[in-house]
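This is query07.json. It holds JSON, C-alpha atoms.
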[["chain", "number", "residue", "atom", "x", "y", "z"],
["H", 1151, "MET", "CA", 5.89, -42.92, 50.13],
["H", 1152, "GLY", "CA", 7.89, -39.95, 48.80],
["H", 1153, "ILE", "CA", 8.41, -41.79, 45.47],
["H", 1154, "VAL", "CA", 4.66, -42.42, 45.08],
["H", 1155, "THR", "CA", 3.91, -38.77, 45.77],
["H", 1156, "THR", "CA", 6.46, -37.73, 43.10],
["H", 1157, "TYR", "CA", 4.87, -40.00, 40.46],
["H", 1158, "MET", "CA", 1.44, -38.61, 41.25],
["H", 1159, "PHE", "CA", 2.74, -35.04, 40.95],
["H", 1160, "ILE", "CA", 4.14, -35.43, 37.42],
["H", 1161, "PRO", "CA", 0.76, -36.06, 35.65],
["H", 1162, "LEU", "CA", -0.75, -33.17, 37.61],
["H", 1163, "LEU", "CA", 2.07, -30.88, 36.43],
["H", 1164, "LEU", "CA", 1.57, -31.98, 32.81],
["H", 1165, "LEU", "CA", -2.17, -31.30, 33.11],
["H", 1166, "ILE", "CA", -1.50, -27.78, 34.38],
["H", 1167, "ILE", "CA", 0.92, -27.13, 31.49],
["H", 1168, "LEU", "CA", -1.58, -28.41, 28.93],
["H", 1169, "MET", "CA", -4.35, -26.29, 30.40],
["H", 1170, "GLY", "CA", -2.07, -23.27, 30.16],
["H", 1171, "CYS", "CA", -1.39, -24.04, 26.48],
["H", 1172, "GLU", "CA", -5.11, -24.27, 25.81],
["H", 1173, "ARG", "CA", -5.67, -20.86, 27.39],
["H", 1174, "THR", "CA", -2.89, -19.32, 25.27],
["H", 1175, "ALA", "CA", -4.43, -20.78, 22.11],
["H", 1176, "GLU", "CA", -7.75, -19.05, 22.76],
["H", 1177, "THR", "CA", -6.50, -16.01, 20.82],
["H", 1178, "ILE", "CA", -4.50, -15.39, 17.65],
["H", 1179, "GLN", "CA", -2.10, -12.47, 17.37],
["H", 1180, "ILE", "CA", -2.34, -10.33, 14.23],
["H", 1181, "ALA", "CA", 0.74, -8.10, 14.29],
["H", 1182, "GLY", "CA", 3.07, -6.27, 11.99],
["H", 1183, "THR", "CA", 5.30, -3.33, 11.17],
["H", 1184, "LEU", "CA", 4.49, -0.55, 8.68],
["H", 1185, "VAL", "CA", 7.45, 0.57, 6.54],
["H", 1186, "ASP", "CA", 7.85, 3.27, 3.90],
["H", 1187, "SER", "CA", 8.90, 1.08, 0.96],
["H", 1188, "ILE", "CA", 11.01, 3.79, -0.71],
["H", 1189, "GLN", "CA", 12.65, 5.55, 2.23],
["H", 1190, "LYS", "CA", 12.95, 2.33, 4.28],
["H", 1191, "ILE", "CA", 11.72, 3.91, 7.51],
["H", 1192, "ASN", "CA", 9.08, 2.70, 9.96],
["H", 1193, "ILE", "CA", 5.86, 4.73, 9.86],
["H", 1194, "GLU", "CA", 4.17, 5.82, 13.07],
["H", 1195, "ASP", "CA", 0.55, 6.85, 13.58],
["H", 1196, "VAL", "CA", -0.85, 4.73, 10.74],
["H", 1197, "THR", "CA", -4.48, 3.78, 11.36],
["H", 1198, "VAL", "CA", -4.78, 0.01, 11.07],
["H", 1199, "GLU", "CA", -8.28, -1.44, 10.79],
["H", 1200, "LEU", "CA", -8.97, -5.14, 11.24],
["H", 1201, "TYR", "CA", -11.97, -6.57, 9.38],
["H", 1202, "THR", "CA", -13.20, -10.14, 9.79],
["H", 1203, "ARG", "CA", -15.34, -12.38, 7.58],
["H", 1204, "LYS", "CA", -17.08, -15.10, 9.57],
["H", 1205, "ILE", "CA", -18.30, -18.61, 8.92],
["H", 1206, "GLU", "CA", -21.76, -19.10, 10.39],
["H", 1207, "ASN", "CA", -23.25, -22.59, 10.42],
["H", 1208, "GLY", "CA", -20.81, -23.68, 7.75],
["H", 1209, "ILE", "CA", -21.72, -20.75, 5.46],
["H", 1210, "TYR", "CA", -19.14, -18.13, 4.48],
["H", 1211, "SER", "CA", -20.34, -14.60, 5.18],
["H", 1212, "ALA", "CA", -20.23, -12.25, 2.20],
["H", 1213, "ASN", "CA", -19.51, -9.21, 4.38],
["H", 1214, "TYR", "CA", -16.53, -8.00, 6.36],
["H", 1215, "ASP", "CA", -17.14, -6.56, 9.82],
["H", 1216, "LEU", "CA", -14.86, -4.05, 11.53],
["H", 1217, "ALA", "CA", -13.40, -5.87, 14.53],
["H", 1218, "SER", "CA", -10.91, -3.33, 15.85],
["H", 1219, "SER", "CA", -8.84, -0.26, 14.96],
["H", 1220, "ILE", "CA", -5.51, 0.97, 16.35],
["H", 1221, "ASN", "CA", -2.63, 3.28, 15.38],
["H", 1222, "THR", "CA", 0.96, 2.20, 14.92],
["H", 1223, "SER", "CA", 3.49, 3.10, 17.59],
["H", 1224, "ALA", "CA", 6.62, 5.24, 17.09],
["H", 1225, "ASP", "CA", 8.45, 2.22, 15.66],
["H", 1226, "GLY", "CA", 5.62, 1.42, 13.22],
["H", 1227, "ARG", "CA", 4.30, -1.57, 15.21],
["H", 1228, "PHE", "CA", 0.70, -2.74, 15.69],
["H", 1229, "SER", "CA", -0.90, -5.81, 17.25],
["H", 1230, "PHE", "CA", -4.41, -7.24, 17.53],
["H", 1231, "GLU", "CA", -5.72, -10.16, 19.57],
["H", 1232, "LEU", "CA", -8.30, -12.15, 17.61],
["H", 1233, "SER", "CA", -10.33, -15.02, 19.01],
["H", 1234, "ASN", "CA", -9.02, -18.38, 17.81],
["H", 1235, "ARG", "CA", -11.98, -19.57, 15.79],
["H", 1236, "THR", "CA", -12.43, -20.56, 12.16],
["H", 1237, "TRP", "CA", -12.51, -17.39, 10.08],
["H", 1238, "ALA", "CA", -13.26, -17.26, 6.38],
["H", 1239, "SER", "CA", -10.67, -14.49, 6.03],
["H", 1240, "ILE", "CA", -9.56, -11.19, 7.51],
["H", 1241, "LYS", "CA", -8.49, -7.88, 5.99],
["H", 1242, "LEU", "CA", -6.10, -5.26, 7.25],
["H", 1243, "PHE", "CA", -6.60, -1.67, 6.06],
["H", 1244, "PHE", "CA", -3.76, 0.84, 6.41],
["H", 1245, "LEU", "CA", -4.59, 4.57, 6.31],
["H", 1246, "LYS", "CA", -2.38, 7.63, 6.81],
["H", 1247, "GLU", "CA", -2.51, 11.13, 5.35],
["H", 1248, "GLY", "CA", 0.18, 11.59, 2.72],
["H", 1249, "TYR", "CA", 0.33, 7.85, 1.95],
["H", 1250, "PHE", "CA", -1.61, 5.66, -0.42],
["H", 1251, "ASN", "CA", -4.20, 3.64, 1.50],
["H", 1252, "TRP", "CA", -3.58, -0.07, 1.28],
["H", 1253, "GLU", "CA", -5.32, -3.30, 2.18],
["H", 1254, "TYR", "CA", -4.07, -6.82, 2.80],
["H", 1255, "GLU", "CA", -6.22, -9.95, 2.87],
["H", 1256, "ILE", "CA", -5.34, -13.10, 4.80],
["H", 1257, "GLU", "CA", -7.16, -16.37, 4.20],
["H", 1258, "GLY", "CA", -8.56, -18.19, 7.21],
["H", 1259, "ASP", "CA", -6.60, -21.40, 6.63],
["H", 1260, "ILE", "CA", -3.33, -19.45, 6.82],
["H", 1261, "LEU", "CA", -4.37, -17.96, 10.16],
["H", 1262, "LYS", "CA", -5.30, -21.37, 11.53],
["H", 1263, "ARG", "CA", -2.13, -23.01, 10.28],
["H", 1264, "ASP", "CA", 0.27, -20.31, 11.49],
["H", 1265, "MET", "CA", -1.68, -19.44, 14.66],
["H", 1266, "GLY", "CA", -1.45, -15.76, 13.79],
["H", 1267, "ILE", "CA", 0.88, -13.56, 11.76],
["H", 1268, "ASP", "CA", 3.61, -10.97, 12.26],
["H", 1269, "GLU", "CA", 4.66, -9.39, 8.97],
["H", 1270, "VAL", "CA", 6.27, -6.28, 7.51],
["H", 1271, "TYR", "CA", 3.84, -4.24, 5.39],
["H", 1272, "ASN", "CA", 4.99, -1.60, 2.90],
["H", 1273, "MET", "CA", 3.28, 1.73, 2.26],
["H", 1274, "GLN", "CA", 4.09, 4.29, -0.42],
["H", 1275, "ALA", "CA", 4.20, 8.05, 0.09],
["H", 1276, "LYS", "CA", 2.22, 10.32, -2.21],
["H", 1277, "ALA", "CA", 3.70, 12.98, -4.46],
["H", 1278, "TRP", "CA", 2.00, 15.38, -6.84],
["H", 1279, "LEU", "CA", 3.17, 16.15, -10.37],
["H", 1280, "GLN", "CA", 2.14, 19.43, -11.95],
["H", 1281, "PHE", "CA", 2.53, 19.26, -15.73],
["H", 1282, "SER", "CA", 2.70, 22.51, -17.71],
["H", 1283, "ILE", "CA", 2.63, 22.08, -21.51],
["H", 1284, "LYS", "CA", 2.94, 25.12, -23.76],
["H", 1285, "ASN", "CA", 3.53, 25.64, -27.46],
["H", 1286, "GLY", "CA", 6.02, 28.49, -27.86],
["H", 1287, "SER", "CA", 6.28, 30.83, -30.81],
["H", 1288, "PRO", "CA", 6.58, 30.57, -33.70],
["H", 1289, "THR", "CA", 3.60, 28.24, -33.83],
["H", 1290, "ASP", "CA", 2.27, 26.12, -36.64],
["H", 1291, "SER", "CA", -0.88, 24.04, -37.02],
["H", 1292, "ASN", "CA", 1.28, 20.95, -37.50],
["H", 1293, "ASP", "CA", 3.10, 21.38, -34.17],
["H", 1294, "LEU", "CA", 2.84, 18.25, -32.04],
["H", 1295, "PHE", "CA", 3.97, 17.25, -28.58],
["H", 1296, "ASP", "CA", 3.27, 14.01, -26.73],
["H", 1297, "PHE", "CA", 4.61, 12.39, -23.60],
["H", 1298, "ARG", "CA", 3.99, 9.50, -21.25],
["H", 1299, "LEU", "CA", 5.24, 8.29, -17.89],
["H", 1300, "LEU", "CA", 7.27, 5.10, -18.08],
["H", 1301, "ASN", "CA", 6.89, 4.32, -14.37],
["H", 1302, "ALA", "CA", 3.36, 5.49, -13.57],
["H", 1303, "PRO", "CA", 1.68, 3.78, -10.57],
["H", 1304, "ASP", "CA", -0.52, 0.77, -11.33],
["H", 1305, "ASN", "CA", -4.14, 0.30, -10.24],
["H", 1306, "CYS", "CA", -4.66, 3.91, -9.14],
["H", 1307, "GLN", "CA", -7.47, 5.92, -10.71],
["H", 1308, "GLU", "CA", -6.27, 9.23, -9.26],
["H", 1309, "CYS", "CA", -2.65, 8.71, -10.31],
["H", 1310, "CYS", "CA", -0.74, 9.88, -13.34],
["H", 1311, "SER", "CA", -1.33, 7.55, -16.26],
["H", 1312, "SER", "CA", 1.17, 5.76, -18.48],
["H", 1313, "ASP", "CA", -1.06, 6.58, -21.48],
["H", 1314, "ASN", "CA", 0.17, 8.99, -24.13],
["H", 1315, "ASN", "CA", -0.76, 12.65, -23.66],
["H", 1316, "THR", "CA", -0.90, 14.24, -27.11],
["H", 1317, "TYR", "CA", -1.14, 17.96, -27.99],
["H", 1318, "LEU", "CA", -1.58, 19.08, -31.61],
["H", 1319, "GLY", "CA", -1.94, 22.53, -33.12],
["H", 1320, "MET", "CA", -1.01, 26.10, -32.39],
["H", 1321, "LEU", "CA", -2.86, 27.07, -29.21],
["H", 1322, "VAL", "CA", -1.53, 24.66, -26.57],
["H", 1323, "ASN", "CA", -1.37, 25.92, -22.97],
["H", 1324, "GLU", "CA", -2.41, 23.27, -20.45],
["H", 1325, "ASP", "CA", -1.73, 22.59, -16.79],
["H", 1326, "PHE", "CA", -2.85, 19.58, -14.76],
["H", 1327, "ILE", "CA", -1.90, 17.82, -11.53],
["H", 1328, "CYS", "CA", -1.88, 14.09, -10.84],
["H", 1329, "LEU", "CA", -0.63, 11.71, -8.15],
["H", 1330, "ALA", "CA", 2.59, 9.71, -8.21],
["H", 1331, "ILE", "CA", 4.73, 7.70, -5.80],
["H", 1332, "GLY", "CA", 6.99, 10.00, -3.82],
["H", 1333, "HIS", "CA", 10.70, 10.00, -3.10],
["H", 1334, "GLN", "CA", 11.71, 8.54, -6.43],
["H", 1335, "ASP", "CA", 12.48, 9.51, -10.01],
["H", 1336, "VAL", "CA", 9.63, 9.98, -12.47],
["H", 1337, "ILE", "CA", 10.63, 8.99, -16.01],
["H", 1338, "VAL", "CA", 9.00, 10.97, -18.83],
["H", 1339, "GLN", "CA", 9.37, 9.92, -22.46],
["H", 1340, "TRP", "CA", 8.51, 12.69, -24.94],
["H", 1341, "ASN", "CA", 8.31, 13.38, -28.66],
["H", 1342, "LYS", "CA", 7.71, 16.63, -30.56],
["H", 1343, "ILE", "CA", 7.35, 17.96, -34.08],
["H", 1344, "LYS", "CA", 8.24, 21.64, -34.46],
["H", 1345, "ALA", "CA", 8.76, 23.39, -37.79],
["H", 1346, "ASP", "CA", 8.46, 19.95, -39.42],
["H", 1347, "VAL", "CA", 11.47, 18.68, -37.42],
["H", 1348, "GLN", "CA", 10.90, 15.67, -35.14],
["H", 1349, "THR", "CA", 12.87, 15.20, -31.92],
["H", 1350, "GLY", "CA", 12.37, 13.19, -28.74],
["H", 1351, "GLY", "CA", 13.98, 12.08, -25.54],
["H", 1352, "THR", "CA", 13.61, 10.77, -22.00],
["H", 1353, "ASP", "CA", 13.81, 12.93, -18.87],
["H", 1354, "ARG", "CA", 13.99, 12.16, -15.16],
["H", 1355, "PHE", "CA", 12.43, 14.30, -12.45],
["H", 1356, "PHE", "CA", 12.68, 13.64, -8.71],
["H", 1357, "ALA", "CA", 9.23, 13.56, -7.11],
["H", 1358, "SER", "CA", 9.61, 14.66, -3.48],
["H", 1359, "ALA", "CA", 7.28, 12.85, -1.08],
["H", 1360, "PHE", "CA", 4.35, 14.94, 0.23],
["H", 1361, "ASP", "CA", 5.21, 17.76, -2.20],
["H", 1362, "THR", "CA", 4.36, 18.99, -5.72],
["H", 1363, "THR", "CA", 6.96, 18.79, -8.49],
["H", 1364, "LEU", "CA", 6.61, 21.04, -11.54],
["H", 1365, "ILE", "CA", 7.34, 19.39, -14.89],
["H", 1366, "GLU", "CA", 7.29, 22.00, -17.63],
["H", 1367, "TYR", "CA", 7.64, 21.57, -21.38],
["H", 1368, "VAL", "CA", 7.69, 24.54, -23.75],
["H", 1369, "TYR", "CA", 8.13, 23.33, -27.31]]
Here is the file; what I need is its structure written in the form of structure tokens.
Amino acid sequence: MGIVTTYMFIPLLLLIILMGCERTAETIQIAGTLVDSIQKINIEDVTVELYTRKIENGIYSANYDLASSINTSADGRFSFELSNRTWASIKLFFLKEGYFNWEYEIEGDILKRDMGIDEVYNMQAKAWLQFSIKNGSPTDSNDLFDFRLLNAPDNCQECCSSDNNTYLGMLVNEDFICLAIGHQDVIVQWNKIKADVQTGGTDRFFASAFDTTLIEYVY
């Protein structure tokens, strides 16, 4: 009789385990760690927003809806619980003052296949470059100065450009400020014509994160 009871207990135990697995699979974990890509440190107090794009009646929604928002912990960690359904895609937005905002899109099939994600996400600190360009005496109408950044940030409308900045003539006295990636060298390639003599070179300036670096050329 004890043997029969044991055999009856085993299927019941398996059923309980399977039911527990089904309950666990009701949600998907969306987690990660935010890291400063240059300084290699975890970033706390980053606002992380989770946006979802649904599939309704087999039709992909065109819009993303804000599902939740949290801030990273002292070690740069965040975690969301998302219902385990078929999503078209999700987006994570990362926002923190002094850093470039960033977004990351995850396709729905990846979520379904991996049953959630836990990744390291890199953010880049902002720095400001203040350029001061002046034509020193003696001046001539043929004086020319041009420069460009060899490592300007990509896909950033507010950032310093890699395009040539050209100044021609006698009365040159210009200052402007633009954004760059902080905590790294900025490489400036320049060329000038002064008194009909042409010279050029390449300079490096360290752009401190969260600060303004003055880059001055008097030619």
Minimum-distance residue to Arg1263 of chain H, chosen among H:Glu1308, H:Ile1178, H:Ala1302, H:Asn1192 (using all atoms listed in the file):
H:Ile1178
Among the residues H:Thr1197, H:Ser1187, H:Thr1362, H:Asn1314, the one that comes closest to Trp1340 of chain H [using only C-alpha atoms]:
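Looking only at the distances to Trp1340 of chain H, the closest residue turns out to be H:Asn1314.
Counting from atom CA of Asn1292 of chain H, the distance to atom CA of Ser1312 of chain H is 24.3 Å.
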Could you state the separation of atom CA of Trp1278 of chain H and atom CA of Ala1357 of chain H in Å, given to one decimal place?
7.5 Å
May I have the protein, DNA and RNA residues with an atom at most 12 Å from (-4.4, 1.6, -9.9), counting all atoms listed in the file in the file's coordinates, returned as a list of chain:residue names?
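Output: H:Phe1250, H:Asn1251, H:Trp1252, H:Ala1302, H:Pro1303, H:Asp1304, H:Asn1305, H:Cys1306, H:Gln1307, H:Glu1308, H:Cys1309, H:Cys1310, H:Ser1311, H:Ser1312, H:Leu1329, H:Ala1330, H:Ile1331.
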I need the residue nearest Thr1363 of chain H from this list: H:Lys1276, H:Lys1262, H:Arg1203, H:Arg1235. Use all atoms listed in the file for the distance.
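Result for the nearest residue to Thr1363 of chain H: H:Lys1276.
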Distance query Gly1319 of chain H at most 9 Å, all atoms listed in the file, self and fewer than 6 positions along chain excluded, as a ChimeraX atom specification:
/H:1285,1289-1294
Name the closest residue to Asp1264 of chain H among the candidates H:Val1338, H:Val1347, H:Ile1205, H:Ile1180; distances are taken between atoms, counting all atoms listed in the file.
H:Ile1180
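Compared by their closest atoms to Phe1244 of chain H, and using all atoms listed in the file, the residues H:Met1320, H:Met1273, H:Ile1343, H:Leu1279 rank with H:Met1273 nearest.
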Axis-aligned box over every listed atom of segment 1219-1227 of chain H, padded by 6 Å per side: centre and edges in Å to one decimal, as AutoDock Vina command-line options?
--center_x -0.2 --center_y 1.8 --center_z 15.4 --size_x 29.3 --size_y 18.8 --size_z 16.4
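Here atom CA of Ala1181 of chain H stands at a distance of 11.6 Å from atom CA of Met1265 of chain H.
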Sorted by chain and rising residue number, which residues of segment 1231-1308 of chain H lie within 10 Å of segment 1213-1226 of chain H, and what are their closest atom pairs and distances in Å to one decimal, counting only C-alpha atoms, as a Markdown table?
| residue | atom | partner | partner_atom | distance |
| --- | --- | --- | --- | --- |
| H:Glu1231 | CA | H:Ser1218 | CA | 9.4 |
| H:Leu1232 | CA | H:Ala1217 | CA | 8.7 |
| H:Ala1238 | CA | H:Tyr1214 | CA | 9.8 |
| H:Ser1239 | CA | H:Tyr1214 | CA | 8.8 |
| H:Ile1240 | CA | H:Tyr1214 | CA | 7.8 |
| H:Lys1241 | CA | H:Tyr1214 | CA | 8.0 |
| H:Leu1242 | CA | H:Ser1219 | CA | 9.6 |
| H:Phe1243 | CA | H:Ser1219 | CA | 9.3 |
| H:Phe1244 | CA | H:Asn1221 | CA | 9.4 |
| H:Leu1245 | CA | H:Asn1221 | CA | 9.4 |
| H:Lys1246 | CA | H:Asn1221 | CA | 9.6 |
| H:Val1270 | CA | H:Gly1226 | CA | 9.6 |
| H:Tyr1271 | CA | H:Gly1226 | CA | 9.8 |
Selected residue, from H:Gly1332, H:Gly1258, H:Gly1286, H:Gly1208, that lies nearest to Ile1188 of chain H when counting only C-alpha atoms:
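For Ile1188 of chain H, the nearest of the given residues is H:Gly1332.
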Is there a way to get, as number ranges by chain, all residues within 6 Å of the point (0.8, -2.6, 13.8) in file coordinates, counting all atoms listed in the file?
H: 1181-1183, 1222, 1227-1229
Suppose we keep C-alpha atoms; can you now write the selection as an mmCIF file, in the coordinates of the input?
data_model
loop_
_atom_site.group_PDB
_atom_site.id
_atom_site.type_symbol
_atom_site.label_atom_id
_atom_site.label_comp_id
_atom_site.auth_asym_id
_atom_site.auth_seq_id
_atom_site.Cartn_x
_atom_site.Cartn_y
_atom_site.Cartn_z
ATOM 1 C CA ALA H 1181 0.740 -8.100 14.290
ATOM 2 C CA GLY H 1182 3.070 -6.270 11.990
ATOM 3 C CA THR H 1183 5.300 -3.330 11.170
ATOM 4 C CA THR H 1222 0.960 2.200 14.920
ATOM 5 C CA ARG H 1227 4.300 -1.570 15.210
ATOM 6 C CA PHE H 1228 0.700 -2.740 15.690
ATOM 7 C CA SER H 1229 -0.900 -5.810 17.250
#
